[in-house]
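Novice: Contents of start.cif (mmCIF, C-alpha atoms):
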data_my_file
#
loop_
_atom_site.label_atom_id
_atom_site.label_comp_id
_atom_site.auth_asym_id
_atom_site.auth_seq_id
_atom_site.Cartn_x
_atom_site.Cartn_y
_atom_site.Cartn_z
CA MET A 1299 91.20 83.85 109.48
CA ASN A 1300 94.37 82.53 107.87
CA LYS A 1301 97.94 83.88 108.04
CA LEU A 1302 97.42 85.54 111.40
CA ASP A 1303 100.93 84.81 112.62
CA ASN A 1304 102.42 87.08 110.00
CA THR A 1305 104.95 89.65 111.04
CA TYR A 1306 106.10 92.63 109.00
CA ASN A 1307 109.38 94.45 108.98
CA LEU A 1308 109.39 98.20 109.06
CA LYS A 1309 112.49 100.32 108.76
CA GLN A 1310 113.50 103.51 110.46
CA ILE A 1311 113.45 106.44 108.02
CA GLY A 1312 114.58 109.10 110.48
CA ILE A 1313 114.69 110.08 114.10
CA ILE A 1314 112.56 112.32 116.31
CA ARG A 1315 114.25 114.83 118.60
CA THR A 1316 112.22 115.96 121.58
CA PRO A 1317 113.12 117.24 125.07
CA TYR A 1318 111.62 114.13 126.70
CA GLU A 1319 114.14 111.59 127.94
CA ASN A 1320 112.29 109.72 130.66
CA SER A 1321 108.80 111.10 130.79
CA ALA A 1322 106.58 112.62 128.13
CA PRO A 1323 103.16 114.26 128.24
CA TYR A 1324 100.09 112.16 127.45
CA GLN A 1325 99.38 114.34 124.46
CA PRO A 1326 101.31 117.13 122.73
CA LEU A 1327 101.43 120.29 124.84
CA GLN A 1328 99.85 123.37 123.35
CA ASN A 1329 102.28 126.23 122.74
CA ASP A 1330 105.28 124.16 123.79
CA GLU A 1331 108.40 126.31 123.44
CA ASN A 1332 110.77 123.35 123.31
CA GLU A 1333 112.33 122.23 120.06
CA PHE A 1334 110.84 119.28 118.24
CA ILE A 1335 112.62 118.12 115.09
CA LEU A 1336 112.07 115.25 112.71
CA ILE A 1337 115.39 114.41 111.08
CA LEU A 1338 114.93 112.38 107.95
CA ASP A 1339 117.62 110.06 106.60
CA GLU A 1340 119.42 112.02 103.84
CA LYS A 1341 118.34 109.55 101.20
CA TYR A 1342 114.68 110.44 101.70
CA LYS A 1343 115.19 114.20 101.68
CA ASP A 1344 113.63 114.81 98.25
CA GLY A 1345 110.43 113.27 99.56
CA LEU A 1346 109.79 116.48 101.53
CA LYS A 1347 109.26 118.64 98.44
CA GLU A 1348 106.08 120.75 98.83
CA LEU A 1349 105.36 119.30 102.26
CA ASP A 1350 105.66 122.80 103.74
CA LYS A 1351 102.50 123.79 101.88
CA PHE A 1352 100.55 121.81 104.45
CA SER A 1353 99.92 123.14 107.95
CA PHE A 1354 99.71 119.76 109.68
CA ILE A 1355 101.23 116.33 109.19
CA TYR A 1356 100.72 112.90 110.63
CA ILE A 1357 103.90 111.43 111.97
CA ILE A 1358 104.06 107.69 112.45
CA TYR A 1359 106.70 106.31 114.75
CA TYR A 1360 107.83 103.25 116.64
CA MET A 1361 107.49 103.69 120.41
CA HIS A 1362 110.83 102.07 121.17
CA LYS A 1363 110.72 102.56 124.95
CA ILE A 1364 107.56 100.51 125.46
CA LYS A 1365 108.53 97.09 126.81
CA LYS A 1366 105.41 96.06 128.75
CA GLU A 1367 103.01 93.39 127.54
CA PRO A 1368 99.67 94.93 126.55
CA LYS A 1369 96.51 94.19 128.53
CA MET A 1370 93.24 94.15 126.64
CA LEU A 1371 91.32 95.94 129.41
CA ILE A 1372 92.74 99.11 130.90
CA THR A 1373 91.81 101.76 133.43
CA PRO A 1374 92.86 105.27 132.43
CA PRO A 1375 94.89 106.95 135.20
CA TRP A 1376 92.37 109.80 135.42
CA ALA A 1377 89.21 107.68 135.41
CA GLU A 1378 89.55 105.32 138.34
CA ASN A 1379 86.30 103.43 138.06
CA LYS A 1380 86.29 103.06 134.33
CA THR A 1381 87.48 100.00 132.43
CA VAL A 1382 87.77 100.26 128.67
CA GLY A 1383 89.23 98.16 125.90
CA LEU A 1384 92.78 98.87 124.82
CA PHE A 1385 91.68 99.72 121.26
CA ALA A 1386 89.19 102.24 122.67
CA SER A 1387 92.16 104.04 124.24
CA ARG A 1388 95.33 105.80 123.21
CA SER A 1389 97.48 103.83 125.66
CA PRO A 1390 100.97 103.34 124.20
CA VAL A 1391 101.13 99.75 125.48
CA ARG A 1392 99.60 97.99 122.45
CA PRO A 1393 100.26 94.80 120.45
CA ASN A 1394 102.12 97.01 117.95
CA PRO A 1395 103.71 100.08 119.55
CA ILE A 1396 102.93 102.40 116.65
CA GLY A 1397 102.46 106.01 117.65
CA ILE A 1398 100.60 108.55 115.55
CA SER A 1399 100.70 112.27 116.28
CA ILE A 1400 99.38 115.22 114.36
CA VAL A 1401 101.78 118.14 114.51
CA GLU A 1402 102.03 121.55 112.94
CA ILE A 1403 104.94 122.28 110.61
CA LYS A 1404 106.96 125.30 111.73
CA LYS A 1405 109.66 125.16 109.09
CA ILE A 1406 111.53 122.66 106.93
CA ILE A 1407 115.26 123.08 106.43
CA ASP A 1408 117.04 120.51 104.32
CA ASN A 1409 116.17 117.11 105.86
CA LYS A 1410 114.84 118.59 109.11
CA ILE A 1411 111.21 119.33 109.91
CA TYR A 1412 110.67 121.63 112.89
CA THR A 1413 107.28 120.96 114.42
CA SER A 1414 104.93 121.93 117.21
CA GLY A 1415 104.95 119.95 120.46
CA LEU A 1416 104.95 116.20 120.25
CA ASP A 1417 104.32 113.48 122.84
CA ALA A 1418 107.21 111.16 121.97
CA PHE A 1419 110.52 110.40 123.65
CA ASN A 1420 113.78 111.74 122.32
CA ASN A 1421 115.36 109.53 119.63
CA THR A 1422 112.11 107.82 118.73
CA PRO A 1423 112.44 106.05 115.35
CA LEU A 1424 110.40 107.70 112.61
CA LEU A 1425 108.49 105.39 110.26
CA ASP A 1426 106.40 107.65 108.02
CA ILE A 1427 105.09 111.16 107.41
CA LYS A 1428 101.79 111.88 105.67
CA PRO A 1429 100.06 115.20 104.98
CA TYR A 1430 96.97 115.97 107.05
CA ILE A 1431 94.42 117.03 104.44
CA ASN A 1432 91.50 119.19 105.44
CA ASP A 1433 88.47 117.31 104.10
CA LEU A 1434 89.91 113.84 104.38
CA ASP A 1435 91.06 113.92 107.97
CA LYS A 1436 88.73 116.36 109.68
CA LYS A 1437 85.59 114.54 110.75
CA SER A 1438 83.12 117.22 111.74
CA ASN A 1439 80.77 114.75 113.40
CA ALA A 1440 83.40 112.95 115.51
CA GLY A 1441 82.62 112.60 119.20
CA TYR A 1442 84.36 111.90 122.51
CA GLY A 1443 83.30 108.28 123.03
CA TRP A 1444 83.36 106.90 126.56
CA ILE A 1445 85.42 109.87 127.69
CA LEU A 1446 82.28 111.86 128.46
CA ASP A 1447 81.00 109.06 130.73
CA THR A 1448 83.49 110.14 133.35
CA ASN A 1449 82.40 112.82 135.78
CA ASN A 1450 85.65 114.65 135.67
CA GLU A 1451 85.64 116.62 132.46
CA GLU A 1452 87.87 119.36 133.70
CA HIS A 1453 90.62 116.99 134.74
CA LEU A 1454 90.11 115.01 131.61
CA ASN A 1455 90.59 118.09 129.50
CA LEU A 1456 94.07 118.46 130.95
CA HIS A 1457 94.87 114.99 129.64
CA ILE A 1458 93.30 115.57 126.27
CA LYS A 1459 95.18 118.79 125.85
CA GLY A 1460 98.37 117.41 127.39
CA ILE A 1461 98.56 120.04 130.09
CA PRO A 1462 100.91 118.92 132.91
CA HIS A 1463 99.31 118.54 136.32
CA ASN A 1464 99.48 116.48 139.50
CA HIS A 1465 97.10 113.72 140.51
CA MET B 1439 121.94 110.20 113.35
CA ASN B 1440 122.79 106.84 114.87
CA LYS B 1441 120.91 103.52 114.64
CA LEU B 1442 119.32 104.36 111.33
CA ASP B 1443 119.49 100.83 110.00
CA ASN B 1444 117.09 99.63 112.63
CA THR B 1445 114.14 97.55 111.60
CA TYR B 1446 111.08 96.79 113.70
CA ASN B 1447 108.79 93.82 113.69
CA LEU B 1448 105.08 94.36 113.71
CA LYS B 1449 102.53 91.61 114.01
CA GLN B 1450 99.20 91.14 112.38
CA ILE B 1451 96.36 91.54 114.90
CA GLY B 1452 93.49 90.90 112.49
CA ILE B 1453 92.40 91.05 108.91
CA ILE B 1454 90.44 93.55 106.84
CA ARG B 1455 87.64 92.33 104.58
CA THR B 1456 86.74 94.61 101.68
CA PRO B 1457 85.25 94.02 98.22
CA TYR B 1458 88.51 95.09 96.52
CA GLU B 1459 90.59 92.25 95.12
CA ASN B 1460 92.64 93.89 92.40
CA SER B 1461 91.80 97.55 92.42
CA ALA B 1462 90.71 99.87 95.19
CA PRO B 1463 89.59 103.50 95.23
CA TYR B 1464 92.16 106.20 96.05
CA GLN B 1465 90.18 107.14 99.10
CA PRO B 1466 87.19 105.58 100.87
CA LEU B 1467 83.98 106.02 98.87
CA GLN B 1468 81.22 107.96 100.50
CA ASN B 1469 78.03 105.97 101.13
CA ASP B 1470 79.62 102.75 99.93
CA GLU B 1471 77.04 99.97 100.26
CA ASN B 1472 79.61 97.18 100.24
CA GLU B 1473 80.57 95.36 103.40
CA PHE B 1474 83.78 96.34 105.17
CA ILE B 1475 84.75 94.32 108.22
CA LEU B 1476 87.73 94.36 110.53
CA ILE B 1477 88.10 90.90 112.04
CA LEU B 1478 90.28 90.95 115.12
CA ASP B 1479 92.19 87.91 116.32
CA GLU B 1480 90.06 86.33 119.09
CA LYS B 1481 92.73 86.95 121.69
CA TYR B 1482 92.38 90.71 121.31
CA LYS B 1483 88.59 90.76 121.44
CA ASP B 1484 88.31 92.30 124.91
CA GLY B 1485 90.30 95.27 123.64
CA LEU B 1486 87.15 96.43 121.81
CA LYS B 1487 85.17 97.19 124.99
CA GLU B 1488 83.55 100.65 124.74
CA LEU B 1489 85.02 101.25 121.27
CA ASP B 1490 81.46 101.51 119.91
CA LYS B 1491 81.02 104.72 121.89
CA PHE B 1492 83.19 106.44 119.32
CA SER B 1493 81.87 107.38 115.88
CA PHE B 1494 85.19 107.14 114.05
CA ILE B 1495 88.36 105.11 114.37
CA TYR B 1496 91.81 105.17 112.84
CA ILE B 1497 92.74 101.85 111.37
CA ILE B 1498 96.39 101.16 110.77
CA TYR B 1499 97.30 98.41 108.35
CA TYR B 1500 100.12 96.91 106.33
CA MET B 1501 99.63 97.42 102.58
CA HIS B 1502 100.71 93.89 101.69
CA LYS B 1503 100.13 94.20 97.93
CA ILE B 1504 102.61 97.04 97.43
CA LYS B 1505 105.82 95.62 95.95
CA LYS B 1506 107.24 98.61 94.08
CA GLU B 1507 110.27 100.54 95.27
CA PRO B 1508 109.27 104.04 96.40
CA LYS B 1509 110.42 107.11 94.49
CA MET B 1510 111.00 110.29 96.46
CA LEU B 1511 109.45 112.53 93.80
CA ILE B 1512 106.06 111.64 92.38
CA THR B 1513 103.52 113.04 89.96
CA PRO B 1514 99.92 112.50 91.07
CA PRO B 1515 97.87 110.81 88.30
CA TRP B 1516 95.42 113.73 88.27
CA ALA B 1517 97.99 116.55 88.27
CA GLU B 1518 100.18 115.93 85.22
CA ASN B 1519 102.55 118.87 85.54
CA LYS B 1520 103.01 118.72 89.27
CA THR B 1521 105.92 117.03 91.02
CA VAL B 1522 105.73 116.66 94.77
CA GLY B 1523 107.65 114.81 97.43
CA LEU B 1524 106.45 111.38 98.44
CA PHE B 1525 105.88 112.47 102.05
CA ALA B 1526 103.73 115.36 100.79
CA SER B 1527 101.45 112.74 99.20
CA ARG B 1528 99.27 109.82 100.20
CA SER B 1529 100.82 107.50 97.63
CA PRO B 1530 100.83 103.94 98.97
CA VAL B 1531 104.33 103.29 97.57
CA ARG B 1532 106.37 104.43 100.59
CA PRO B 1533 109.48 103.23 102.47
CA ASN B 1534 107.10 101.65 104.99
CA PRO B 1535 103.79 100.58 103.44
CA ILE B 1536 101.69 101.61 106.43
CA GLY B 1537 98.15 102.64 105.57
CA ILE B 1538 95.98 104.78 107.79
CA SER B 1539 92.28 105.27 107.18
CA ILE B 1540 89.61 106.95 109.22
CA VAL B 1541 86.36 105.02 109.11
CA GLU B 1542 83.00 105.23 110.78
CA ILE B 1543 81.90 102.39 113.04
CA LYS B 1544 78.58 100.89 111.97
CA LYS B 1545 78.39 98.10 114.53
CA ILE B 1546 80.65 95.82 116.53
CA ILE B 1547 79.67 92.18 116.95
CA ASP B 1548 82.01 89.95 118.93
CA ASN B 1549 85.45 90.36 117.31
CA LYS B 1550 84.09 92.00 114.16
CA ILE B 1551 83.89 95.73 113.48
CA TYR B 1552 81.61 96.69 110.59
CA THR B 1553 82.73 100.01 109.13
CA SER B 1554 82.05 102.56 106.44
CA GLY B 1555 83.93 102.36 103.13
CA LEU B 1556 87.64 101.78 103.23
CA ASP B 1557 90.35 102.07 100.56
CA ALA B 1558 92.24 98.84 101.29
CA PHE B 1559 92.45 95.52 99.48
CA ASN B 1560 90.66 92.45 100.76
CA ASN B 1561 92.70 90.47 103.33
CA THR B 1562 94.91 93.40 104.27
CA PRO B 1563 96.69 92.71 107.59
CA LEU B 1564 95.43 94.88 110.43
CA LEU B 1565 98.08 96.36 112.78
CA ASP B 1566 96.21 98.68 115.13
CA ILE B 1567 92.95 100.48 115.87
CA LYS B 1568 92.78 103.79 117.74
CA PRO B 1569 89.78 105.97 118.58
CA TYR B 1570 89.41 109.21 116.63
CA ILE B 1571 88.82 111.80 119.35
CA ASN B 1572 87.10 115.04 118.51
CA ASP B 1573 89.43 117.71 119.89
CA LEU B 1574 92.65 115.78 119.44
CA ASP B 1575 92.30 114.78 115.82
CA LYS B 1576 90.18 117.48 114.27
CA LYS B 1577 92.43 120.35 113.21
CA SER B 1578 90.13 123.22 112.39
CA ASN B 1579 92.87 125.22 110.71
CA ALA B 1580 94.20 122.43 108.46
CA GLY B 1581 94.54 123.26 104.78
CA TYR B 1582 94.87 121.54 101.42
CA GLY B 1583 98.61 122.08 100.81
CA TRP B 1584 99.86 121.93 97.23
CA ILE B 1585 96.60 120.35 96.14
CA LEU B 1586 95.06 123.77 95.54
CA ASP B 1587 97.95 124.70 93.21
CA THR B 1588 96.45 122.49 90.56
CA ASN B 1589 93.89 124.05 88.25
CA ASN B 1590 91.59 121.14 88.34
CA GLU B 1591 89.74 121.32 91.60
CA GLU B 1592 86.64 119.59 90.39
CA HIS B 1593 88.53 116.55 89.17
CA LEU B 1594 90.67 116.64 92.26
CA ASN B 1595 87.62 116.55 94.43
CA LEU B 1596 86.67 113.21 92.91
CA HIS B 1597 90.03 111.86 94.06
CA ILE B 1598 89.81 113.38 97.51
CA LYS B 1599 86.34 111.99 97.99
CA GLY B 1600 87.19 108.70 96.29
CA ILE B 1601 84.48 108.98 93.68
CA PRO B 1602 85.18 106.59 90.77
CA HIS B 1603 85.68 108.24 87.36
CA ASN B 1604 87.58 107.89 84.11
CA HIS B 1605 90.64 109.87 83.06
#
Written as structure tokens, how would this file's structure read?

Specialist:
Amino acid sequence: MNKLDNTYNLKQIGIIRTPYENSAPYQPLQNDENEFILILDEKYKDGLKELDKFSFIYIIYYMHKIKKEPKMLITPPWAENKTVGLFASRSPVRPNPIGISIVEIKKIIDNKIYTSGLDAFNNTPLLDIKPYINDLDKKSNAGYGWILDTNNEEHLNLHIKGIPHNH
Amino acid sequence: MNKLDNTYNLKQIGIIRTPYENSAPYQPLQNDENEFILILDEKYKDGLKELDKFSFIYIIYYMHKIKKEPKMLITPPWAENKTVGLFASRSPVRPNPIGISIVEIKKIIDNKIYTSGLDAFNNTPLLDIKPYINDLDKKSNAGYGWILDTNNEEHLNLHIKGIPHNH
């Protein structure tokens, strides 16, 4: 496997405004009443034409607050006796701190996209936006993986759905 | 919007083997009999533990063959009279050439993940792998956006499903 020490430069194309300064939910909250806005650099504004015809978008961002070194084996906070590989998890501490969220578009005004709840910190650098397309991105036969091995489905559901709770 | 000239360094974590050297389908082909393999750098191998419990994964990669400057307004090759914004499209020519594909896991052997068909060139640098989780990533109310504005749904379907054809 040649060329494995390559690095690639990505540039910020906008900024993500969320209410989360120091802690964020594990996943987007359902029916979050806070304001979530993607503000695109003015020079990319025309790239939003017709985007509002889609219900959902992927947003791709750089998780700038993550400073820890990734570990290849992790234990999810809600599954004490379970050890899984990092790539079998959504942990943000990864070799490349790229975050992907699927959000609903509420409205687009000028260079601003107002979206449904989003699990990113305020001022997170935006890297890309792609439309979520029904047949391409909806895998009807997708499963839950190792998540169903745990005996704590109810608690787990809170994490999957991003509902705040105490441990 | 401060700090907008930021750039971020990402590192290659593996390499993607596909049969496509100079041309690739627009989307993964269904039932492609070719071999598609993600080869992870040995040092990340443990990060694959339990990944095979999932049916589908997101793979995130750097589209290293894209050298063109992106245009904010594009006309899809199959929709001659339609102009849409770049971010309302899946065009690979973007400010950040990050590709995302959802593929099915066939088998994982050591540091190699054998997958279903994939619309990336051979030797594409791999940046991340994340599990596709049923409830999180499947949006039952997602639509088709501007794509249904075109009057050529049959032809369009070939593009959406990645079926090769002539224009």

Novice: Any chance you could resolve the PyMOL selection byres ((chain B) within 6 of (chain A)) against this file and give the residues as a PyMOL selection string?

Specialist: chain B and resi 1442+1444-1450+1484-1489+1491-1493+1510-1511+1522-1526+1534+1567-1569+1571-1572+1576+1580-1584

Novice: Quick one: pull the distance between atom CA of A:Lys1405 and atom CA of B:Ala1517, Å, one decimal.

Specialist: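 Going from atom CA of A:Lys1405 over to atom CA of B:Ala1517 covers 25.4 Å.
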
Novice: Go ahead and compute the interatomic distance for atom CA of A:Ala1418 and atom CA of A:Pro1374, in Å to one decimal.

Specialist: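 About the pair atom CA of A:Ala1418 and atom CA of A:Pro1374: they are 18.7 Å apart.
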
Novice: My list of candidates is A:Glu1319, A:Glu1333, A:Glu1340, A:Asp1417. Which is closest to A:Pro1390 when distances are computed with all atoms listed in the file?

Specialist: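 So, comparing all the options, the nearest one is A:Asp1417.
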
Novice: Take the PyMOL selection byres ((chain B and resi 1560) around 6), run it mentally on this structure, and tell me the resulting residues as a PDB file with C-alpha atoms, in the coordinates of the input.

Specialist:
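result_14.pdb, freshly written:
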ATOM      1  CA  ARG B1455      87.640  92.330 104.580  1.00  0.00           C
ATOM      2  CA  THR B1456      86.740  94.610 101.680  1.00  0.00           C
ATOM      3  CA  TYR B1458      88.510  95.090  96.520  1.00  0.00           C
ATOM      4  CA  GLU B1459      90.590  92.250  95.120  1.00  0.00           C
ATOM      5  CA  PHE B1559      92.450  95.520  99.480  1.00  0.00           C
ATOM      6  CA  ASN B1561      92.700  90.470 103.330  1.00  0.00           C
ATOM      7  CA  THR B1562      94.910  93.400 104.270  1.00  0.00           C
TER       8      THR B1562
END

Novice: Quick one, how far is atom CA of A:Ile1411 from atom CA of A:Asn1332?

Specialist: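 It comes out at 14.0 Å.
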
Novice: From the set B:Asn1460, B:Lys1544, B:Pro1515, B:Asn1549, which residue has the shortest atom-to-atom contact distance to B:Phe1474, counting only C-alpha atoms?

Specialist: B:Lys1544
